[in-house]
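Undergrad: Here you go, upload-v2.txt (compact mmCIF, C-alpha atoms):
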```
# COMPACT_ATOMS: atom_id res chain seq x y z
CA MET A 133 0.00 0.00 0.00
CA THR A 134 1.25 3.45 -0.90
CA GLU A 135 2.26 5.60 2.03
CA VAL A 136 0.11 8.71 2.17
CA HIS A 137 1.38 11.96 3.44
CA ASP A 138 -1.45 13.23 5.62
CA ASP A 139 -1.64 16.97 5.53
CA ARG A 140 -3.63 17.84 8.62
CA PRO A 141 -5.83 20.93 8.81
CA GLY A 142 -4.06 23.68 10.76
CA SER A 143 -6.83 24.14 13.30
CA ALA A 144 -10.40 23.17 14.08
CA ALA A 145 -11.53 26.38 12.39
CA ASP A 146 -9.54 25.44 9.26
CA ALA A 147 -11.12 21.98 9.23
CA LEU A 148 -14.59 23.45 9.55
CA ALA A 149 -13.85 25.93 6.76
CA ILE A 150 -12.67 23.06 4.52
CA ILE A 151 -15.90 21.16 5.20
CA GLN A 152 -18.09 24.17 4.50
CA ALA A 153 -16.30 25.14 1.30
CA GLN A 154 -16.30 21.58 -0.03
CA GLN A 155 -19.96 20.96 0.79
CA ALA A 156 -21.06 24.25 -0.75
CA GLN A 157 -19.12 23.44 -3.92
CA VAL A 158 -20.47 19.89 -4.18
CA SER A 159 -24.09 20.77 -3.52
CA SER A 160 -23.99 23.53 -6.11
CA ALA A 161 -22.42 21.15 -8.65
CA ILE A 162 -24.86 18.27 -8.13
CA SER A 163 -28.17 20.08 -7.75
CA PRO A 164 -29.59 21.60 -10.92
CA LYS A 165 -29.72 25.36 -10.64
CA ALA A 166 -33.46 25.97 -10.32
CA TYR A 167 -33.13 29.58 -11.46
CA LEU A 168 -31.96 28.41 -14.90
CA PHE A 169 -35.23 26.49 -15.39
CA PHE A 170 -37.23 29.54 -14.30
CA LEU A 171 -35.29 31.84 -16.62
CA PHE A 172 -35.61 29.49 -19.63
CA TRP A 173 -39.32 28.83 -19.14
CA GLY A 174 -40.22 32.35 -18.03
CA ALA A 175 -38.71 33.68 -21.27
CA ALA A 176 -40.44 30.95 -23.32
CA TRP A 177 -43.86 31.67 -21.79
CA ILE A 178 -43.49 35.41 -22.34
CA VAL A 179 -42.62 34.76 -25.99
CA MET A 180 -45.64 32.44 -26.34
CA GLY A 181 -48.10 34.74 -24.57
CA VAL A 182 -46.96 38.01 -26.13
CA SER A 183 -46.68 36.59 -29.67
CA GLY A 184 -50.12 35.00 -29.30
CA PHE A 185 -51.52 38.33 -28.12
CA LEU A 186 -49.85 40.24 -30.98
CA ALA A 187 -51.29 37.75 -33.48
CA GLY A 188 -54.67 38.21 -31.77
CA ILE A 189 -54.60 41.98 -32.39
CA ASP A 190 -53.44 41.35 -35.99
CA VAL A 191 -49.88 42.65 -35.66
CA PHE A 192 -48.69 39.50 -37.45
CA PRO A 193 -50.39 36.32 -38.69
CA GLY A 194 -51.19 33.46 -36.35
CA TRP A 195 -48.64 31.09 -37.86
CA VAL A 196 -45.82 33.48 -36.85
CA ALA A 197 -46.98 33.23 -33.23
CA GLY A 198 -47.15 29.44 -33.63
CA VAL A 199 -43.58 29.25 -34.94
CA LEU A 200 -42.24 31.61 -32.26
CA GLY A 201 -44.06 29.76 -29.48
CA THR A 202 -42.91 26.33 -30.67
CA ALA A 203 -39.30 27.52 -31.06
CA ALA A 204 -39.38 28.97 -27.52
CA ILE A 205 -40.74 25.70 -26.05
CA VAL A 206 -38.21 23.53 -27.92
CA ALA A 207 -35.30 25.76 -26.88
CA ALA A 208 -36.38 25.84 -23.22
CA GLY A 209 -37.01 22.07 -23.25
CA ILE A 210 -33.56 21.26 -24.64
CA ALA A 211 -31.84 23.70 -22.28
CA SER A 212 -33.67 22.21 -19.26
CA ALA A 213 -32.80 18.66 -20.25
CA VAL A 214 -29.12 19.59 -20.65
CA VAL A 215 -29.00 21.33 -17.25
CA GLY A 216 -30.82 18.47 -15.52
CA ILE A 217 -28.72 15.71 -17.06
CA ARG A 218 -25.39 17.53 -16.52
CA SER A 219 -25.93 18.06 -12.80
CA GLY A 220 -27.02 14.44 -12.28
CA ARG A 221 -23.96 12.98 -14.05
CA GLY A 222 -22.31 10.10 -12.20
CA LEU A 223 -24.85 10.00 -9.39
CA ALA A 224 -27.11 7.12 -8.45
CA GLY A 225 -29.36 6.15 -5.58
CA GLN A 226 -32.68 6.94 -4.06
CA SER A 227 -32.83 10.73 -4.14
CA THR A 228 -31.28 10.79 -7.61
CA ARG A 229 -34.02 8.47 -8.81
CA GLN A 230 -36.63 10.66 -7.13
CA GLY A 231 -35.33 13.73 -8.97
CA MET A 232 -35.14 11.88 -12.27
CA LEU A 233 -38.70 10.56 -11.99
CA TYR A 234 -39.96 14.02 -11.08
CA GLY A 235 -38.11 15.42 -14.10
CA LEU A 236 -39.81 12.81 -16.30
CA CYS A 237 -43.25 13.95 -15.06
CA TRP A 238 -42.73 17.13 -17.10
CA PRO A 239 -42.44 15.75 -20.64
CA PHE A 240 -45.22 13.22 -19.95
CA ALA A 241 -47.58 15.85 -18.53
CA MET A 242 -46.78 18.31 -21.33
CA VAL A 243 -47.30 15.74 -24.08
CA GLY A 244 -50.54 14.69 -22.34
CA VAL A 245 -51.88 18.27 -22.33
CA SER A 246 -50.82 18.73 -25.97
CA VAL A 247 -52.67 15.59 -27.05
CA PHE A 248 -55.71 16.69 -25.05
CA VAL A 249 -55.85 20.16 -26.61
CA ALA A 250 -55.29 18.71 -30.09
CA ALA A 251 -58.24 16.36 -29.47
CA MET A 252 -60.38 19.28 -28.28
CA SER A 253 -59.81 20.90 -31.66
CA ALA A 254 -59.96 17.80 -33.88
CA VAL A 255 -62.65 15.78 -32.07
CA GLY A 256 -64.30 18.31 -29.78
CA GLY A 257 -64.70 20.80 -32.63
CA LEU A 258 -63.62 23.85 -30.61
CA SER A 259 -63.22 27.03 -32.67
CA SER A 260 -59.86 28.80 -32.78
CA ASP A 261 -61.12 31.46 -30.35
CA GLN A 262 -62.28 28.79 -27.92
CA MET A 263 -58.94 27.05 -28.28
CA ALA A 264 -57.10 30.31 -27.63
CA ILE A 265 -58.96 30.54 -24.33
CA MET A 266 -58.62 26.91 -23.30
CA VAL A 267 -55.02 26.06 -24.30
CA PRO A 268 -53.04 28.50 -22.12
CA ALA A 269 -55.28 27.74 -19.14
CA ALA A 270 -54.79 23.98 -19.53
CA TYR A 271 -50.98 24.32 -19.63
CA ALA A 272 -50.89 26.79 -16.75
CA LEU A 273 -52.99 24.55 -14.48
CA VAL A 274 -50.75 21.51 -15.03
CA VAL A 275 -47.45 23.42 -14.91
CA GLY A 276 -48.53 25.33 -11.79
CA ALA A 277 -49.46 22.09 -10.02
CA LEU A 278 -46.08 20.51 -10.91
CA TYR A 279 -44.15 23.56 -9.63
CA ALA A 280 -46.19 23.70 -6.43
CA ALA A 281 -45.64 19.96 -5.84
CA SER A 282 -41.87 20.32 -6.32
CA GLY A 283 -41.89 23.19 -3.82
CA ALA A 284 -43.76 21.02 -1.32
CA VAL A 285 -41.47 17.99 -1.75
CA TRP A 286 -38.11 19.80 -1.84
CA GLY A 287 -39.08 22.50 0.64
CA SER A 288 -38.83 25.48 -1.70
CA MET A 289 -41.35 28.17 -0.78
CA ASN A 290 -40.49 30.06 -4.00
CA ASN A 291 -41.50 27.07 -6.14
CA PHE A 292 -44.63 26.52 -4.11
CA VAL A 293 -45.84 30.12 -4.27
CA LEU A 294 -44.93 30.42 -7.95
CA GLY A 295 -46.85 27.19 -8.69
CA ILE A 296 -49.97 28.42 -6.93
CA TRP A 297 -49.68 31.77 -8.74
CA ILE A 298 -49.50 29.99 -12.12
CA VAL A 299 -52.58 27.92 -11.21
CA VAL A 300 -54.38 31.19 -10.38
CA VAL A 301 -53.28 32.72 -13.71
CA GLY A 302 -54.55 29.59 -15.50
CA GLY A 303 -57.89 29.68 -13.73
CA VAL A 304 -58.48 33.43 -14.13
CA SER A 305 -57.17 33.91 -17.70
CA PRO A 306 -60.31 32.58 -19.53
CA PHE A 307 -62.45 35.27 -17.90
CA LEU A 308 -60.40 37.96 -19.65
CA GLY A 309 -61.43 36.71 -23.11
CA THR A 310 -58.99 36.37 -25.96
CA PRO A 311 -56.45 37.80 -26.86
CA ALA A 312 -56.13 39.55 -23.45
CA ASN A 313 -55.87 36.11 -21.76
CA LEU A 314 -52.72 35.36 -23.81
CA LEU A 315 -51.03 38.53 -22.62
CA PHE A 316 -52.02 37.77 -19.03
CA PHE A 317 -50.76 34.19 -19.41
CA GLY A 318 -47.39 35.28 -20.86
CA VAL A 319 -46.68 38.26 -18.67
CA GLY A 320 -48.37 36.88 -15.53
CA ALA A 321 -47.08 33.30 -15.47
CA GLY A 322 -43.89 33.85 -17.54
CA GLY A 323 -43.14 37.08 -15.68
CA GLY A 324 -43.64 35.25 -12.36
CA MET A 325 -41.08 32.62 -13.40
CA LEU A 326 -38.60 35.27 -14.53
CA ALA A 327 -39.05 37.18 -11.26
CA VAL A 328 -38.38 34.05 -9.18
CA GLY A 329 -35.48 33.09 -11.47
CA VAL A 330 -33.81 36.48 -11.13
CA ALA A 331 -34.39 36.52 -7.35
CA GLU A 332 -32.77 33.07 -6.98
CA LEU A 333 -29.92 34.01 -9.32
CA VAL A 334 -29.16 37.11 -7.22
CA ARG A 335 -29.38 35.11 -3.99
CA SER A 336 -27.00 32.43 -5.31
CA ARG A 337 -24.31 35.01 -6.13
CA MET B 1153 -2.09 14.63 15.91
CA THR B 1154 -0.84 17.50 17.97
CA GLY B 1155 -3.32 19.92 19.49
CA VAL B 1156 -6.49 18.11 18.61
CA PRO B 1157 -6.01 14.48 19.70
CA GLN B 1158 -9.70 13.64 20.08
CA LEU B 1159 -10.44 14.09 16.38
CA ASP B 1160 -10.87 10.96 14.27
CA PRO B 1161 -7.45 10.49 12.56
CA VAL B 1162 -9.04 8.77 9.56
CA ILE B 1163 -11.01 11.90 8.71
CA HIS B 1164 -8.62 14.48 10.14
CA ALA B 1165 -6.41 14.87 7.06
CA GLN B 1166 -7.16 17.54 4.47
CA ALA B 1167 -7.68 15.23 1.50
CA ARG B 1168 -9.84 12.67 3.33
CA LEU B 1169 -11.78 15.45 5.02
CA ARG B 1170 -12.68 16.85 1.60
CA VAL B 1171 -13.59 13.36 0.32
CA THR B 1172 -15.76 12.63 3.36
CA ALA B 1173 -17.42 16.06 3.31
CA SER B 1174 -18.24 15.62 -0.39
CA LEU B 1175 -19.75 12.16 0.12
CA ALA B 1176 -21.70 13.41 3.14
CA THR B 1177 -23.27 16.09 0.91
CA LEU B 1178 -25.04 13.36 -1.06
CA CYS B 1179 -28.34 12.20 0.40
CA GLU B 1180 -28.12 9.05 2.46
CA GLY B 1181 -28.36 6.06 0.13
CA ASP B 1182 -26.97 7.94 -2.87
CA ARG B 1183 -23.64 7.14 -4.51
CA VAL B 1184 -21.30 8.76 -6.99
CA THR B 1185 -19.05 7.36 -9.69
CA PHE B 1186 -15.30 7.52 -9.16
CA PRO B 1187 -14.67 9.93 -12.09
CA ARG B 1188 -17.43 12.36 -11.00
CA LEU B 1189 -16.09 12.33 -7.43
CA GLN B 1190 -12.62 12.95 -8.79
CA GLU B 1191 -13.97 15.91 -10.75
CA LEU B 1192 -15.84 17.30 -7.73
CA LEU B 1193 -12.64 17.11 -5.66
CA ASP B 1194 -10.16 18.01 -8.38
CA MET B 1195 -7.82 15.21 -7.26
CA THR B 1196 -5.73 12.80 -9.29
CA ALA B 1197 -7.09 9.27 -9.65
CA GLY B 1198 -4.12 7.79 -7.78
CA ASN B 1199 -4.39 10.22 -4.90
CA LEU B 1200 -8.14 9.73 -4.61
CA SER B 1201 -7.94 5.93 -4.64
CA THR B 1202 -5.26 5.93 -1.95
CA HIS B 1203 -7.43 8.03 0.36
CA LEU B 1204 -10.55 6.04 -0.52
CA ARG B 1205 -8.72 2.84 0.43
CA LYS B 1206 -7.96 4.27 3.88
CA LEU B 1207 -11.58 5.28 4.33
CA GLU B 1208 -12.72 1.88 3.08
CA ASP B 1209 -10.36 0.10 5.51
CA ALA B 1210 -11.93 2.08 8.35
CA GLY B 1211 -15.38 0.98 7.16
CA TYR B 1212 -16.39 4.58 6.35
CA VAL B 1213 -16.74 4.17 2.62
CA LEU B 1214 -18.34 1.49 0.47
CA ILE B 1215 -16.96 0.94 -3.00
CA THR B 1216 -19.07 -1.05 -5.43
CA LYS B 1217 -18.33 -2.07 -8.97
CA ALA B 1218 -21.13 -2.40 -11.48
CA HIS B 1219 -21.46 -2.78 -15.22
CA GLU B 1220 -23.46 -0.26 -17.20
CA ARG B 1221 -23.81 -0.97 -20.91
CA ARG B 1222 -20.82 -3.33 -20.59
CA THR B 1223 -18.65 -0.57 -19.17
CA PRO B 1224 -17.37 -1.12 -15.64
CA VAL B 1225 -18.44 1.66 -13.28
CA THR B 1226 -17.08 2.20 -9.77
CA TYR B 1227 -19.47 3.76 -7.28
CA VAL B 1228 -18.44 5.35 -4.00
CA GLU B 1229 -20.71 6.05 -1.05
CA LEU B 1230 -20.44 6.79 2.64
CA THR B 1231 -21.47 3.93 4.91
CA ARG B 1232 -23.70 4.52 7.91
CA ASP B 1233 -20.59 4.34 10.12
CA GLY B 1234 -18.83 6.82 7.85
CA ARG B 1235 -21.70 9.29 8.02
CA ARG B 1236 -21.83 8.98 11.80
CA ALA B 1237 -18.05 9.40 12.08
CA PHE B 1238 -18.26 12.54 9.95
CA GLU B 1239 -21.07 13.93 12.12
CA ASP B 1240 -19.10 13.15 15.28
CA TYR B 1241 -16.03 14.77 13.75
CA THR B 1242 -17.88 18.00 12.88
CA ALA B 1243 -19.50 18.01 16.32
CA ALA B 1244 -16.03 17.64 17.91
CA LEU B 1245 -14.72 20.55 15.81
CA LYS B 1246 -17.60 22.73 16.88
CA SER B 1247 -17.12 21.88 20.54
CA LEU B 1248 -13.41 22.65 20.22
CA LEU B 1249 -14.39 26.03 18.83
CA GLY B 1250 -16.67 26.58 21.80
CA ASP B 1251 -19.82 26.33 19.72
CA ALA B 1252 -22.58 25.01 21.95
CA THR B 1253 -24.37 23.04 19.23
```
Translate this structure into structure tokens?
TA:
Amino acid sequence: MTEVHDDRPGSAADALAIIQAQQAQVSSAISPKAYLFFLFWGAAWIVMGVSGFLAGIDVFPGWVAGVLGTAAIVAAGIASAVVGIRSGRGLAGQSTRQGMLYGLCWPFAMVGVSVFVAAMSAVGGLSSDQMAIMVPAAYALVVGALYAASGAVWGSMNNFVLGIWIVVVGGVSPFLGTPANLLFFGVGAGGGMLAVGVAELVRSR
Amino acid sequence: MTGVPQLDPVIHAQARLRVTASLATLCEGDRVTFPRLQELLDMTAGNLSTHLRKLEDAGYVLITKAHERRTPVTYVELTRDGRRAFEDYTAALKSLLGDAT
């Protein structure tokens, strides 16, 4: 066996400082930075809501809003997956599995809502105005519930409050009629995510 | 071991203290691959395995080898004894510093 030269910490205070520095570095490296998710998705929702609203008041055609919204969702989805996978690299065990399964709830829930709203149009025969009222509300209710649940499980009051706020936005938005509901959805829910994201980013510095 | 004789000598060395502190940051029951641990600690593979062997000999660390997609993967985790030893060690430090926690 190789002889190890044991370099002892100079004092108890040094040892404690080593522990604190090391643990802070490791926990920041292995836990995904929640503010990145909020910033990605806050920006995506603002793009979706505002472009939908602008199409609604005939600033540009509806397909432009569709393309912008889809591009924003795809970009935020890829960025979130990269951040989540990178921080979980090389880790295994119970809490890692818990985080991974929670992460998987998102694509499943989002695809589920998308299929549902597509069916409402194709099978349910909803008009485009009815769809414009129903779609943002459906996404906001599911997304808000997922955020609130993550806040409850991982003890983040920010996530919890933001989730409840997004549920409220989802529930209230239909009463505004379209296209005002789209603006409220984008600025209200997306703006809420950006606000929490910026607050957490500042706190982490 | 001058000055602070009551501190666990297995943990009370800078490199092993950093290794133990890192592993204790993971939730109980979680483990990390050798290369990721190496990256988190910024230590050479040889240096890390030497210190891990000492921790393993003391029963503080469990090293398991698995195969993932035919590639051998080495996982490292703190044992229950290791976690307790680390907690005792930090408690001893705090009492040395006059912290009443």
Undergrad: Excluding same-chain residues fewer than 5 positions from B:Gln1190, what lies within 12 Å of it counting all atoms listed in the file, as a ChimeraX atom specification?
TA: /A:158,222 /B:1167,1170-1171,1174-1175,1184-1185,1195-1201,1203-1204,1226-1228
Undergrad: Find the residues in chain B near chain A: any atom within 8 Å counts, using all atoms listed in the file. Write them as a list in words.
TA: Val1156, His1164, Ala1165, Gln1166, Ala1167, Leu1169, Arg1170, Ala1173, Ser1174, Thr1177, Leu1178, Cys1179, Gly1181, Asp1182, Arg1183, Val1184, Thr1185, Pro1187, Arg1188, Leu1192, Thr1202, His1203, Thr1242, Leu1245, Lys1246, Leu1248 and Leu1249 of chain B
Undergrad: Name the closest residue to B:Pro1224 among the candidates B:Phe1186, B:Gln1158, B:Glu1191, B:Asp1209; distances are taken between atoms, counting all atoms listed in the file.
TA: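 Checking each of B:Phe1186, B:Gln1158, B:Glu1191, B:Asp1209 against B:Pro1224, counting all atoms listed in the file, the winner is B:Phe1186.
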Undergrad: As an exercise, work out the distance from atom CA of A:Val249 to atom CA of A:Val267 in Å and give it to one decimal place.
TA: 6.4 Å
Undergrad: If we count all atoms listed in the file and set the cut-off at 9 Å, which residues sit around B:Val1162, ignoring sequence neighbours fewer than 5 positions away in its own chain? Please answer as a PyMOL selection string.
TA: chain B and resi 1168-1169+1206-1207+1210
Undergrad: Need to verify the contact set: stretch 276-287 of chain A, 10 Å, all atoms listed in the file, exclusion of same-chain residues closer than 5 positions in sequence. Can you return it as a ChimeraX atom specification?
TA: /A:231,234-235,237-238,241,271,292-302,321
Undergrad: What is the distance between atom CA of B:Val1225 and atom CA of A:Val214, in Å to one decimal?
TA: 22.1 Å
Undergrad: Show me, as a list in words, the residues that have an atom within 7 Å of B:Val1213 when counting only C-alpha atoms, minus same-chain residues fewer than 2 positions from it.
TA: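 Near neighbours after the sequence-gap exclusion: Leu1207, Glu1208, Gly1211, Ile1215, Val1228, Glu1229, Leu1230, Thr1231 and Gly1234 of chain B.
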